[in-house]
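This is final_17.cif. It holds mmCIF, C-alpha atoms.
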data_structure
loop_
_atom_site.label_atom_id
_atom_site.label_comp_id
_atom_site.auth_asym_id
_atom_site.auth_seq_id
_atom_site.Cartn_x
_atom_site.Cartn_y
_atom_site.Cartn_z
CA MET M 20 -113.93 312.51 -100.18
CA SER M 21 -111.52 310.49 -98.07
CA LEU M 22 -107.86 311.40 -98.18
CA GLU M 23 -106.88 308.45 -95.98
CA ARG M 24 -106.91 305.85 -98.73
CA THR M 25 -103.64 305.11 -100.44
CA TYR M 26 -103.83 303.77 -103.97
CA SER M 27 -101.56 301.60 -106.09
CA TYR M 28 -101.40 300.35 -109.63
CA SER M 29 -102.70 296.96 -108.49
CA GLN M 30 -105.81 298.57 -107.02
CA ILE M 31 -106.54 300.57 -110.16
CA ASN M 32 -105.96 297.57 -112.40
CA THR M 33 -108.15 295.36 -110.21
CA TYR M 34 -111.00 297.87 -110.32
CA LYS M 35 -110.68 298.11 -114.09
CA SER M 36 -110.87 294.34 -114.55
CA CYS M 37 -113.62 293.76 -111.97
CA PRO M 38 -115.12 296.33 -109.56
CA GLU M 39 -116.46 293.62 -107.24
CA ARG M 40 -113.04 292.01 -106.94
CA TYR M 41 -111.71 295.43 -105.97
CA LYS M 42 -114.35 295.67 -103.22
CA ILE M 43 -113.64 292.17 -101.93
CA ALA M 44 -109.87 292.63 -101.88
CA TYR M 45 -109.41 296.28 -100.90
CA LEU M 46 -112.56 297.38 -99.10
CA ASP M 47 -113.66 294.15 -97.43
CA ARG M 48 -109.96 293.25 -97.05
CA THR M 49 -110.54 289.58 -97.75
CA ARG M 50 -107.19 287.80 -97.72
CA LYS M 51 -106.44 284.44 -99.31
CA SER M 52 -103.25 282.55 -99.94
CA ASP M 53 -104.61 281.11 -103.21
CA GLU M 54 -102.58 281.96 -106.32
CA SER M 55 -102.12 280.72 -109.85
CA ILE M 56 -99.11 278.67 -110.90
CA GLU M 57 -98.17 281.48 -113.30
CA ALA M 58 -98.20 284.07 -110.50
CA PHE M 59 -96.18 281.75 -108.27
CA MET M 60 -93.54 281.23 -110.96
CA GLY M 61 -93.33 284.96 -111.64
CA LYS M 62 -92.84 285.67 -107.95
CA VAL M 63 -90.00 283.16 -107.63
CA VAL M 64 -88.26 284.45 -110.77
CA HIS M 65 -88.49 288.01 -109.39
CA GLU M 66 -86.91 286.83 -106.13
CA VAL M 67 -84.00 285.24 -107.98
CA VAL M 68 -83.40 288.43 -109.98
CA GLU M 69 -83.56 290.50 -106.79
CA TRP M 70 -81.07 288.14 -105.11
CA VAL M 71 -78.63 288.56 -107.99
CA PHE M 72 -78.71 292.35 -107.87
CA LYS M 73 -78.46 292.47 -104.08
CA GLU M 74 -75.80 289.83 -103.51
CA ARG M 75 -74.08 288.92 -106.78
CA ILE M 76 -73.14 292.24 -108.40
CA ASN M 77 -69.65 291.95 -109.94
CA ARG M 78 -69.40 288.34 -108.76
CA PHE M 79 -69.25 285.49 -111.22
CA THR M 80 -72.66 283.81 -111.15
CA SER M 81 -73.29 280.96 -113.53
CA PHE M 82 -76.66 279.86 -114.80
CA ASP M 83 -76.28 276.77 -112.60
CA LYS M 84 -76.16 279.04 -109.54
CA LEU M 85 -79.31 280.82 -110.72
CA THR M 86 -81.01 277.47 -111.24
CA ALA M 87 -80.02 276.28 -107.76
CA LYS M 88 -81.41 279.45 -106.21
CA TYR M 89 -84.60 279.12 -108.27
CA ASP M 90 -85.09 275.52 -107.12
CA ASP M 91 -84.45 276.42 -103.50
CA LEU M 92 -86.92 279.31 -103.51
CA TRP M 93 -89.50 277.27 -105.45
CA LEU M 94 -89.42 274.37 -103.01
CA ASN M 95 -89.41 276.55 -99.88
CA ALA M 96 -92.29 278.74 -101.08
CA TRP M 97 -94.48 275.95 -102.47
CA HIS M 98 -97.88 275.56 -100.75
CA ASP M 99 -101.16 273.73 -101.25
CA LYS M 100 -103.11 276.76 -102.47
CA ILE M 101 -101.42 277.01 -105.87
CA TYR M 102 -103.82 276.30 -108.72
CA ILE M 103 -103.77 275.72 -112.47
CA ALA M 104 -106.57 277.52 -114.32
CA ASP M 105 -105.51 276.65 -117.87
CA PRO M 106 -106.05 272.92 -118.62
CA ARG M 107 -103.35 273.05 -121.30
CA VAL M 108 -100.49 273.63 -118.86
CA THR M 109 -98.77 271.64 -116.13
CA THR M 110 -96.59 272.53 -113.18
CA ASP M 111 -93.50 271.27 -115.00
CA HIS M 112 -94.37 273.42 -118.02
CA ILE M 113 -94.58 276.62 -115.96
CA TYR M 114 -91.47 275.68 -113.98
CA THR M 115 -89.55 275.33 -117.25
CA ILE M 116 -90.76 278.73 -118.46
CA GLY M 117 -89.26 280.20 -115.30
CA LEU M 118 -85.93 278.58 -116.16
CA ARG M 119 -86.13 280.06 -119.65
CA CYS M 120 -86.72 283.51 -118.14
CA LEU M 121 -83.64 283.15 -115.95
CA GLY M 122 -81.59 281.82 -118.87
CA ASN M 123 -82.41 284.93 -120.89
CA PHE M 124 -81.64 287.12 -117.89
CA CYS M 125 -78.27 285.44 -117.40
CA ASN M 126 -77.37 285.71 -121.08
CA THR M 127 -78.13 289.44 -121.08
CA TYR M 128 -76.51 290.52 -117.81
CA GLY M 129 -74.31 287.65 -116.66
CA PRO M 130 -72.10 286.19 -115.62
CA MET M 131 -70.80 289.27 -113.71
CA PHE M 132 -74.04 291.30 -113.61
CA ASN M 133 -72.08 294.55 -113.71
CA VAL M 134 -74.91 297.07 -113.94
CA PRO M 135 -75.49 300.43 -112.18
CA VAL M 136 -78.26 299.24 -109.85
CA TYR M 137 -79.46 301.91 -107.42
CA ALA M 138 -82.10 299.76 -105.73
CA THR M 139 -84.30 296.70 -106.15
CA GLU M 140 -87.86 296.38 -104.86
CA LEU M 141 -87.78 300.11 -104.18
CA LYS M 142 -90.78 301.25 -102.13
CA LEU M 143 -91.91 304.81 -102.81
CA GLU M 144 -94.83 307.04 -101.89
CA PHE M 145 -96.06 309.94 -104.00
CA LYS M 146 -99.18 311.90 -104.95
CA ILE M 147 -101.27 312.68 -108.00
CA LYS M 148 -103.41 315.71 -107.25
CA GLU M 149 -104.70 315.04 -103.72
CA TYR M 150 -104.54 311.25 -104.03
CA LYS M 151 -101.85 309.28 -102.22
CA PHE M 152 -100.02 306.45 -103.93
CA ARG M 153 -97.49 303.81 -103.06
CA GLY M 154 -95.57 301.49 -105.32
CA ILE M 155 -92.72 299.00 -105.44
CA ILE M 156 -90.36 299.19 -108.41
CA ASP M 157 -88.55 295.99 -109.38
CA ARG M 158 -85.27 297.71 -110.26
CA VAL M 159 -83.95 301.25 -110.50
CA ASP M 160 -80.57 302.07 -112.06
CA LYS M 161 -78.64 305.33 -111.84
CA THR M 162 -76.32 305.78 -114.82
CA LYS M 163 -73.03 307.71 -114.80
CA ASP M 164 -74.62 310.58 -116.74
CA GLY M 165 -77.38 310.91 -114.14
CA LYS M 166 -80.26 309.09 -115.84
CA TRP M 167 -82.75 307.10 -113.80
CA VAL M 168 -83.68 303.83 -115.49
CA ILE M 169 -86.74 301.98 -114.21
CA THR M 170 -87.20 298.32 -115.10
CA ASP M 171 -90.31 296.26 -114.43
CA TYR M 172 -89.73 292.54 -114.94
CA LYS M 173 -92.42 290.53 -116.70
CA THR M 174 -92.72 286.77 -117.08
CA SER M 175 -95.95 287.08 -119.05
CA LYS M 176 -96.80 285.17 -122.22
CA ARG M 177 -97.04 288.26 -124.43
CA ALA M 178 -94.57 291.10 -124.83
CA LYS M 179 -95.55 294.72 -125.49
CA GLY M 180 -93.96 297.42 -127.61
CA ILE M 181 -93.05 301.09 -127.41
CA ARG M 182 -96.53 302.27 -128.32
CA ALA M 183 -98.04 300.38 -125.38
CA ALA M 184 -95.31 301.68 -123.05
CA LYS M 185 -96.23 305.30 -123.81
CA SER M 186 -99.74 304.84 -122.46
CA ASP M 187 -99.10 302.28 -119.72
CA ILE M 188 -100.44 303.44 -116.36
CA GLN M 189 -98.03 301.37 -114.29
CA LEU M 190 -94.95 302.77 -116.04
CA GLY M 191 -96.41 306.25 -115.71
CA LEU M 192 -96.87 305.82 -111.97
CA TYR M 193 -93.27 304.65 -111.63
CA HIS M 194 -92.14 307.77 -113.50
CA PHE M 195 -94.10 310.02 -111.13
CA ALA M 196 -92.71 308.16 -108.10
CA ILE M 197 -89.08 308.78 -109.12
CA GLU M 198 -89.84 312.34 -110.19
CA GLN M 199 -91.31 313.28 -106.83
CA ASN M 200 -88.86 311.41 -104.60
CA PHE M 201 -85.60 312.38 -106.30
CA LYS M 202 -84.91 315.99 -107.22
CA ASP M 203 -81.97 315.23 -109.50
CA ASP M 204 -84.25 313.72 -112.13
CA ASN M 205 -82.13 314.70 -115.13
CA GLN M 206 -83.94 312.14 -117.25
CA ILE M 207 -86.20 309.26 -116.36
CA LEU M 208 -86.42 306.20 -118.57
CA THR M 209 -89.06 303.64 -117.74
CA GLY M 210 -89.83 300.29 -119.25
CA TRP M 211 -90.12 296.53 -119.15
CA ASN M 212 -87.91 293.50 -119.40
CA PHE M 213 -89.99 290.66 -120.83
CA LEU M 214 -87.86 287.83 -119.54
CA ARG M 215 -89.65 285.07 -121.41
CA HIS M 216 -88.99 286.82 -124.74
CA ASN M 217 -85.59 288.33 -123.88
CA LYS M 218 -87.00 291.70 -124.91
CA GLU M 219 -86.25 294.94 -123.09
CA ILE M 220 -87.91 298.31 -123.77
CA HIS M 221 -87.20 301.68 -122.11
CA ILE M 222 -88.71 305.02 -123.09
CA HIS M 223 -88.86 308.57 -121.85
CA LEU M 224 -92.48 309.54 -121.27
CA ASP M 225 -93.08 312.90 -122.92
CA GLU M 226 -95.24 315.56 -121.30
CA GLU M 227 -98.31 314.70 -123.35
CA SER M 228 -98.12 311.01 -122.37
CA ARG M 229 -97.69 311.92 -118.70
CA LYS M 230 -100.72 314.21 -118.81
CA LYS M 231 -102.86 311.52 -120.41
CA ILE M 232 -101.84 308.94 -117.83
CA LYS M 233 -102.52 311.32 -114.93
CA LYS M 234 -105.93 312.10 -116.38
CA GLN M 235 -106.78 308.40 -116.67
CA VAL M 236 -105.63 307.68 -113.14
CA VAL M 237 -107.56 310.57 -111.60
CA ARG M 238 -110.70 309.62 -113.52
CA LYS M 239 -110.55 306.03 -112.26
CA ILE M 240 -109.94 307.06 -108.66
CA GLU M 241 -112.75 309.60 -108.76
CA LYS M 242 -115.06 306.82 -109.93
CA ILE M 243 -113.93 304.55 -107.09
CA GLU M 244 -114.31 307.33 -104.52
CA LYS M 245 -117.78 308.19 -105.81
CA ASN M 246 -118.89 304.58 -105.52
CA ILE M 247 -117.58 304.40 -101.96
CA ASN M 248 -118.90 307.75 -100.76
CA GLU M 249 -122.33 307.43 -102.35
CA GLY M 250 -122.81 303.78 -101.46
CA HIS M 251 -122.97 302.52 -105.04
CA SER M 252 -122.59 298.84 -105.82
CA PHE M 253 -119.36 297.39 -107.11
CA PHE M 254 -120.70 295.11 -109.80
CA PRO M 255 -118.80 292.02 -111.00
CA LYS M 256 -117.36 292.01 -114.51
CA GLU M 257 -117.12 288.46 -115.80
CA SER M 258 -114.36 287.64 -118.27
CA ILE M 259 -111.71 285.02 -119.04
CA LEU M 260 -109.76 286.49 -116.10
CA CYS M 261 -112.30 284.90 -113.74
CA HIS M 262 -110.47 281.59 -114.14
CA TRP M 263 -107.44 283.14 -112.42
CA CYS M 264 -109.51 284.70 -109.60
CA TYR M 265 -109.91 282.97 -106.26
CA PHE M 266 -112.75 285.05 -104.85
CA TRP M 267 -115.45 282.82 -106.35
CA ASP M 268 -116.92 282.06 -102.92
CA GLU M 269 -117.37 285.79 -102.31
CA CYS M 270 -118.41 286.74 -105.86
CA SER M 271 -122.08 287.54 -106.47
CA ALA M 272 -121.85 286.28 -110.09
CA LYS M 273 -120.59 282.76 -109.31
CA ILE M 274 -122.70 279.87 -108.04
CA ILE M 275 -119.96 277.21 -108.03
CA SER M 276 -116.42 277.08 -106.72
CA ASN M 277 -113.51 277.96 -108.97
CA PRO M 278 -112.91 274.93 -111.22
CA ALA M 279 -109.12 275.43 -111.32
CA ARG M 280 -107.22 272.29 -110.32
CA SER M 281 -104.63 272.08 -107.62
CA ALA M 282 -101.04 272.22 -108.85
CA ARG M 283 -98.80 269.28 -108.07
#

Since I need it in another form, could you write the structure as structure tokens?
Amino acid sequence: MSLERTYSYSQINTYKSCPERYKIAYLDRTRKSDESIEAFMGKVVHEVVEWVFKERINRFTSFDKLTAKYDDLWLNAWHDKIYIADPRVTTDHIYTIGLRCLGNFCNTYGPMFNVPVYATELKLEFKIKEYKFRGIIDRVDKTKDGKWVITDYKTSKRAKGIRAAKSDIQLGLYHFAIEQNFKDDNQILTGWNFLRHNKEIHIHLDEESRKKIKKQVVRKIEKIEKNINEGHSFFPKESILCHWCYFWDECSAKIISNPARSAR
């Protein structure tokens, strides 16, 4: 068993959705600049939110200022490897969804954005059993009464509820990261802000939920390690998610190139 590998939620989630994609991305280390229009929009929205909490705390920031920053980041980051997998959407449609996300964000926190932010894009390393992990948390607050509040921003189409939060591996990993890196963990609340729906959920993961998540994580990593160490194949798992994957040229299940169209 190798102790040199460092895992992340993205790796575990990728392996779950398609073992061969995991191999291509994390073992073969194939790198591509291709991305979906939805992923691009989400990235730009995250950057605007990060900018607000780094540079605009307690400063009047109108929605027009957020829009200007969004436009600037969008135009500067745009490249020719952005694709549209869903034929029902357009670039303008996704761009407008990003504006809606920022409008909801501004209505909730603005215009002064006076919140107890401890850090944004916080990079942490931690362990589960003997396995090393790293993660980046969108936002961490430290309240006056000592609570840590973790927020993961989502621009996704569907929002989740409390029941899903209790078993979510990503939120569990964030909890473990704060718990191990900060000793004054009086209480840790972890959750999502679904910007498109203006819905925010934070929960405290009880001991039973934490144990279940740790068990799931260890089981998945043990399966990955076994495949690597024993030379097993990482088989492709075809699904609707294939349309948002840009490893078709490397995939053993595909005989044509990804049919997604270039975004304009």

Selected by the PyMOL selection byres ((chain M and resi 281) around 7) in the shown coordinates: which residues, as a PyMOL selection string?
chain M and resi 101-103+279-280+282-283

Produce a file of the selected residues containing C-alpha atoms, as a CSV table (one decimal), in the coordinates of the input.
chain,number,residue,atom,x,y,z
M,101,ILE,CA,-101.4,277.0,-105.9
M,102,TYR,CA,-103.8,276.3,-108.7
M,103,ILE,CA,-103.8,275.7,-112.5
M,279,ALA,CA,-109.1,275.4,-111.3
M,280,ARG,CA,-107.2,272.3,-110.3
M,282,ALA,CA,-101.0,272.2,-108.8
M,283,ARG,CA,-98.8,269.3,-108.1

So that I can check the surroundings of M:Asn126, please list as an MDAnalysis selection string every protein, DNA and RNA residue that reaches within 10 Å of it, counting only C-alpha atoms and ignoring chain neighbours fewer than 6 positions away.
chainID M and resid 81:82 132 217

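If you look at atom CA of M:Ile232 and atom CA of M:His251, they are 25.5 Å away from each other.
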
Coordinates-based distance that separates atom CA of M:Lys176 from atom CA of M:Asp90 (Å, one decimal):
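Going from atom CA of M:Asp90 over to atom CA of M:Lys176 covers 21.4 Å.
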
Can you list, as a VMD selection string, every protein, DNA or RNA residue that comes within 7 Å of M:His223 when you count all atoms listed in the file, leaving out same-chain residues fewer than 4 positions away?
chain M and resid 207 to 209

Using all atoms listed in the file, pick whichever of M:Arg158, M:Arg40, M:Lys148, M:His98 has the shortest atom-to-atom distance to M:Val71.
M:Arg158

In terms of the shortest atom-to-atom distance over all atoms listed in the file, which of M:Thr139, M:Lys73, M:Ile56, M:Lys42 is closest to M:His112?
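Checking each candidate against M:His112, we get M:Ile56 as the closest.
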
Step by step: locate stretch 26-169 of chain M in the block above, keep C-alpha atoms, then write the file as a PDB file, in the first residue's frame.
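Saved as part-v5.pdb:
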ATOM      1  CA  TYR M  26      -6.611  12.042  -2.023  1.00  0.00           C
ATOM      2  CA  SER M  27      -9.371  14.603  -2.422  1.00  0.00           C
ATOM      3  CA  TYR M  28     -13.121  14.641  -2.755  1.00  0.00           C
ATOM      4  CA  SER M  29     -12.773  15.215  -6.499  1.00  0.00           C
ATOM      5  CA  GLN M  30     -10.719  12.041  -6.860  1.00  0.00           C
ATOM      6  CA  ILE M  31     -13.189   9.939  -4.898  1.00  0.00           C
ATOM      7  CA  ASN M  32     -16.147  11.364  -6.783  1.00  0.00           C
ATOM      8  CA  THR M  33     -14.433  10.817 -10.131  1.00  0.00           C
ATOM      9  CA  TYR M  34     -13.692   7.190  -9.293  1.00  0.00           C
ATOM     10  CA  LYS M  35     -17.296   6.666  -8.229  1.00  0.00           C
ATOM     11  CA  SER M  36     -18.679   8.087 -11.478  1.00  0.00           C
ATOM     12  CA  CYS M  37     -16.128   6.401 -13.764  1.00  0.00           C
ATOM     13  CA  PRO M  38     -13.037   4.392 -12.722  1.00  0.00           C
ATOM     14  CA  GLU M  39     -11.389   4.838 -16.123  1.00  0.00           C
ATOM     15  CA  ARG M  40     -11.758   8.606 -15.947  1.00  0.00           C
ATOM     16  CA  TYR M  41     -10.060   8.443 -12.553  1.00  0.00           C
ATOM     17  CA  LYS M  42      -7.151   6.524 -14.109  1.00  0.00           C
ATOM     18  CA  ILE M  43      -6.841   8.934 -17.034  1.00  0.00           C
ATOM     19  CA  ALA M  44      -6.957  12.046 -14.863  1.00  0.00           C
ATOM     20  CA  TYR M  45      -5.129  11.022 -11.691  1.00  0.00           C
ATOM     21  CA  LEU M  46      -2.877   8.093 -12.569  1.00  0.00           C
ATOM     22  CA  ASP M  47      -1.993   8.864 -16.188  1.00  0.00           C
ATOM     23  CA  ARG M  48      -2.134  12.578 -15.284  1.00  0.00           C
ATOM     24  CA  THR M  49      -3.687  13.569 -18.588  1.00  0.00           C
ATOM     25  CA  ARG M  50      -4.363  17.295 -18.540  1.00  0.00           C
ATOM     26  CA  LYS M  51      -6.801  19.145 -20.774  1.00  0.00           C
ATOM     27  CA  SER M  52      -8.118  22.674 -20.780  1.00  0.00           C
ATOM     28  CA  ASP M  53     -11.536  21.515 -22.038  1.00  0.00           C
ATOM     29  CA  GLU M  54     -14.473  22.348 -19.767  1.00  0.00           C
ATOM     30  CA  SER M  55     -18.230  22.657 -19.944  1.00  0.00           C
ATOM     31  CA  ILE M  56     -19.981  26.012 -20.095  1.00  0.00           C
ATOM     32  CA  GLU M  57     -21.662  25.148 -16.773  1.00  0.00           C
ATOM     33  CA  ALA M  58     -18.308  24.498 -15.090  1.00  0.00           C
ATOM     34  CA  PHE M  59     -16.892  27.707 -16.547  1.00  0.00           C
ATOM     35  CA  MET M  60     -19.813  29.762 -15.243  1.00  0.00           C
ATOM     36  CA  GLY M  61     -19.540  28.168 -11.800  1.00  0.00           C
ATOM     37  CA  LYS M  62     -15.833  28.956 -11.656  1.00  0.00           C
ATOM     38  CA  VAL M  63     -16.376  32.621 -12.538  1.00  0.00           C
ATOM     39  CA  VAL M  64     -19.207  33.003 -10.007  1.00  0.00           C
ATOM     40  CA  HIS M  65     -16.967  31.482  -7.314  1.00  0.00           C
ATOM     41  CA  GLU M  66     -14.236  33.981  -8.194  1.00  0.00           C
ATOM     42  CA  VAL M  67     -16.639  36.905  -7.843  1.00  0.00           C
ATOM     43  CA  VAL M  68     -17.804  35.659  -4.435  1.00  0.00           C
ATOM     44  CA  GLU M  69     -14.194  35.185  -3.327  1.00  0.00           C
ATOM     45  CA  TRP M  70     -13.353  38.721  -4.503  1.00  0.00           C
ATOM     46  CA  VAL M  71     -16.207  40.149  -2.438  1.00  0.00           C
ATOM     47  CA  PHE M  72     -15.133  38.425   0.764  1.00  0.00           C
ATOM     48  CA  LYS M  73     -11.461  39.290   0.264  1.00  0.00           C
ATOM     49  CA  GLU M  74     -11.775  42.896  -0.852  1.00  0.00           C
ATOM     50  CA  ARG M  75     -15.292  44.208  -0.209  1.00  0.00           C
ATOM     51  CA  ILE M  76     -16.089  43.272   3.401  1.00  0.00           C
ATOM     52  CA  ASN M  77     -17.902  46.183   5.089  1.00  0.00           C
ATOM     53  CA  ARG M  78     -17.690  48.211   1.885  1.00  0.00           C
ATOM     54  CA  PHE M  79     -20.804  49.155  -0.040  1.00  0.00           C
ATOM     55  CA  THR M  80     -20.900  46.914  -3.105  1.00  0.00           C
ATOM     56  CA  SER M  81     -23.865  47.187  -5.409  1.00  0.00           C
ATOM     57  CA  PHE M  82     -25.121  44.480  -7.714  1.00  0.00           C
ATOM     58  CA  ASP M  83     -23.803  46.585 -10.608  1.00  0.00           C
ATOM     59  CA  LYS M  84     -20.285  46.247  -9.171  1.00  0.00           C
ATOM     60  CA  LEU M  85     -20.740  42.473  -8.911  1.00  0.00           C
ATOM     61  CA  THR M  86     -21.960  42.372 -12.498  1.00  0.00           C
ATOM     62  CA  ALA M  87     -18.987  44.406 -13.713  1.00  0.00           C
ATOM     63  CA  LYS M  88     -16.581  42.060 -11.930  1.00  0.00           C
ATOM     64  CA  TYR M  89     -18.418  39.036 -13.337  1.00  0.00           C
ATOM     65  CA  ASP M  90     -18.177  40.405 -16.880  1.00  0.00           C
ATOM     66  CA  ASP M  91     -14.500  41.236 -16.485  1.00  0.00           C
ATOM     67  CA  LEU M  92     -13.605  37.784 -15.170  1.00  0.00           C
ATOM     68  CA  TRP M  93     -15.796  36.069 -17.773  1.00  0.00           C
ATOM     69  CA  LEU M  94     -14.177  37.870 -20.696  1.00  0.00           C
ATOM     70  CA  ASN M  95     -10.613  37.489 -19.408  1.00  0.00           C
ATOM     71  CA  ALA M  96     -10.999  33.770 -18.653  1.00  0.00           C
ATOM     72  CA  TRP M  97     -12.880  32.827 -21.829  1.00  0.00           C
ATOM     73  CA  HIS M  98     -11.065  30.329 -24.097  1.00  0.00           C
ATOM     74  CA  ASP M  99     -11.769  28.169 -27.134  1.00  0.00           C
ATOM     75  CA  LYS M 100     -12.036  24.891 -25.216  1.00  0.00           C
ATOM     76  CA  ILE M 101     -15.375  25.638 -23.563  1.00  0.00           C
ATOM     77  CA  TYR M 102     -18.126  23.325 -24.764  1.00  0.00           C
ATOM     78  CA  ILE M 103     -21.889  22.932 -24.539  1.00  0.00           C
ATOM     79  CA  ALA M 104     -23.020  19.347 -23.962  1.00  0.00           C
ATOM     80  CA  ASP M 105     -26.739  20.004 -23.547  1.00  0.00           C
ATOM     81  CA  PRO M 106     -28.360  21.045 -26.871  1.00  0.00           C
ATOM     82  CA  ARG M 107     -31.118  22.872 -24.975  1.00  0.00           C
ATOM     83  CA  VAL M 108     -28.828  25.568 -23.579  1.00  0.00           C
ATOM     84  CA  THR M 109     -26.830  28.459 -24.999  1.00  0.00           C
ATOM     85  CA  THR M 110     -23.917  30.516 -23.752  1.00  0.00           C
ATOM     86  CA  ASP M 111     -26.227  33.454 -23.029  1.00  0.00           C
ATOM     87  CA  HIS M 112     -28.528  31.188 -21.027  1.00  0.00           C
ATOM     88  CA  ILE M 113     -25.719  29.969 -18.763  1.00  0.00           C
ATOM     89  CA  TYR M 114     -24.275  33.474 -18.467  1.00  0.00           C
ATOM     90  CA  THR M 115     -27.666  34.720 -17.245  1.00  0.00           C
ATOM     91  CA  ILE M 116     -27.879  31.926 -14.665  1.00  0.00           C
ATOM     92  CA  GLY M 117     -24.573  33.177 -13.290  1.00  0.00           C
ATOM     93  CA  LEU M 118     -26.067  36.662 -12.944  1.00  0.00           C
ATOM     94  CA  ARG M 119     -29.046  35.188 -11.105  1.00  0.00           C
ATOM     95  CA  CYS M 120     -26.676  33.422  -8.700  1.00  0.00           C
ATOM     96  CA  LEU M 121     -24.877  36.679  -7.965  1.00  0.00           C
ATOM     97  CA  GLY M 122     -28.186  38.535  -7.588  1.00  0.00           C
ATOM     98  CA  ASN M 123     -29.290  36.067  -4.921  1.00  0.00           C
ATOM     99  CA  PHE M 124     -25.895  36.325  -3.237  1.00  0.00           C
ATOM    100  CA  CYS M 125     -26.099  40.123  -3.181  1.00  0.00           C
ATOM    101  CA  ASN M 126     -29.654  40.117  -1.833  1.00  0.00           C
ATOM    102  CA  THR M 127     -28.649  37.796   1.017  1.00  0.00           C
ATOM    103  CA  TYR M 128     -25.343  39.343   2.099  1.00  0.00           C
ATOM    104  CA  GLY M 129     -25.126  42.757   0.458  1.00  0.00           C
ATOM    105  CA  PRO M 130     -24.655  45.527   0.046  1.00  0.00           C
ATOM    106  CA  MET M 131     -22.132  45.665   2.948  1.00  0.00           C
ATOM    107  CA  PHE M 132     -21.287  41.941   3.150  1.00  0.00           C
ATOM    108  CA  ASN M 133     -20.709  42.202   6.893  1.00  0.00           C
ATOM    109  CA  VAL M 134     -20.075  38.561   7.767  1.00  0.00           C
ATOM    110  CA  PRO M 135     -17.493  36.885  10.054  1.00  0.00           C
ATOM    111  CA  VAL M 136     -15.339  35.413   7.278  1.00  0.00           C
ATOM    112  CA  TYR M 137     -12.230  33.626   8.546  1.00  0.00           C
ATOM    113  CA  ALA M 138     -10.949  32.564   5.130  1.00  0.00           C
ATOM    114  CA  THR M 139     -11.954  31.916   1.534  1.00  0.00           C
ATOM    115  CA  GLU M 140     -10.529  29.162  -0.668  1.00  0.00           C
ATOM    116  CA  LEU M 141      -8.935  27.712   2.461  1.00  0.00           C
ATOM    117  CA  LYS M 142      -6.450  24.952   1.631  1.00  0.00           C
ATOM    118  CA  LEU M 143      -6.123  22.257   4.288  1.00  0.00           C
ATOM    119  CA  GLU M 144      -4.451  18.876   4.649  1.00  0.00           C
ATOM    120  CA  PHE M 145      -5.668  16.126   6.969  1.00  0.00           C
ATOM    121  CA  LYS M 146      -5.857  12.344   7.358  1.00  0.00           C
ATOM    122  CA  ILE M 147      -8.444   9.610   7.611  1.00  0.00           C
ATOM    123  CA  LYS M 148      -6.793   6.526   9.063  1.00  0.00           C
ATOM    124  CA  GLU M 149      -3.465   6.340   7.218  1.00  0.00           C
ATOM    125  CA  TYR M 150      -4.727   8.098   4.090  1.00  0.00           C
ATOM    126  CA  LYS M 151      -3.681  11.663   3.322  1.00  0.00           C
ATOM    127  CA  PHE M 152      -6.182  14.207   2.080  1.00  0.00           C
ATOM    128  CA  ARG M 153      -6.197  17.755   0.840  1.00  0.00           C
ATOM    129  CA  GLY M 154      -9.107  20.053   0.177  1.00  0.00           C
ATOM    130  CA  ILE M 155     -10.062  23.627  -0.600  1.00  0.00           C
ATOM    131  CA  ILE M 156     -13.054  25.072   1.243  1.00  0.00           C
ATOM    132  CA  ASP M 157     -14.933  27.904  -0.470  1.00  0.00           C
ATOM    133  CA  ARG M 158     -15.595  29.858   2.716  1.00  0.00           C
ATOM    134  CA  VAL M 159     -15.036  29.404   6.438  1.00  0.00           C
ATOM    135  CA  ASP M 160     -16.584  31.726   9.039  1.00  0.00           C
ATOM    136  CA  LYS M 161     -15.689  32.018  12.715  1.00  0.00           C
ATOM    137  CA  THR M 162     -18.623  33.307  14.762  1.00  0.00           C
ATOM    138  CA  LYS M 163     -18.370  35.344  17.971  1.00  0.00           C
ATOM    139  CA  ASP M 164     -19.394  32.330  20.057  1.00  0.00           C
ATOM    140  CA  GLY M 165     -16.601  30.230  18.549  1.00  0.00           C
ATOM    141  CA  LYS M 166     -18.480  28.201  15.937  1.00  0.00           C
ATOM    142  CA  TRP M 167     -16.828  27.268  12.666  1.00  0.00           C
ATOM    143  CA  VAL M 168     -19.215  27.585   9.722  1.00  0.00           C
ATOM    144  CA  ILE M 169     -18.221  25.949   6.448  1.00  0.00           C
TER     145      ILE M 169
END
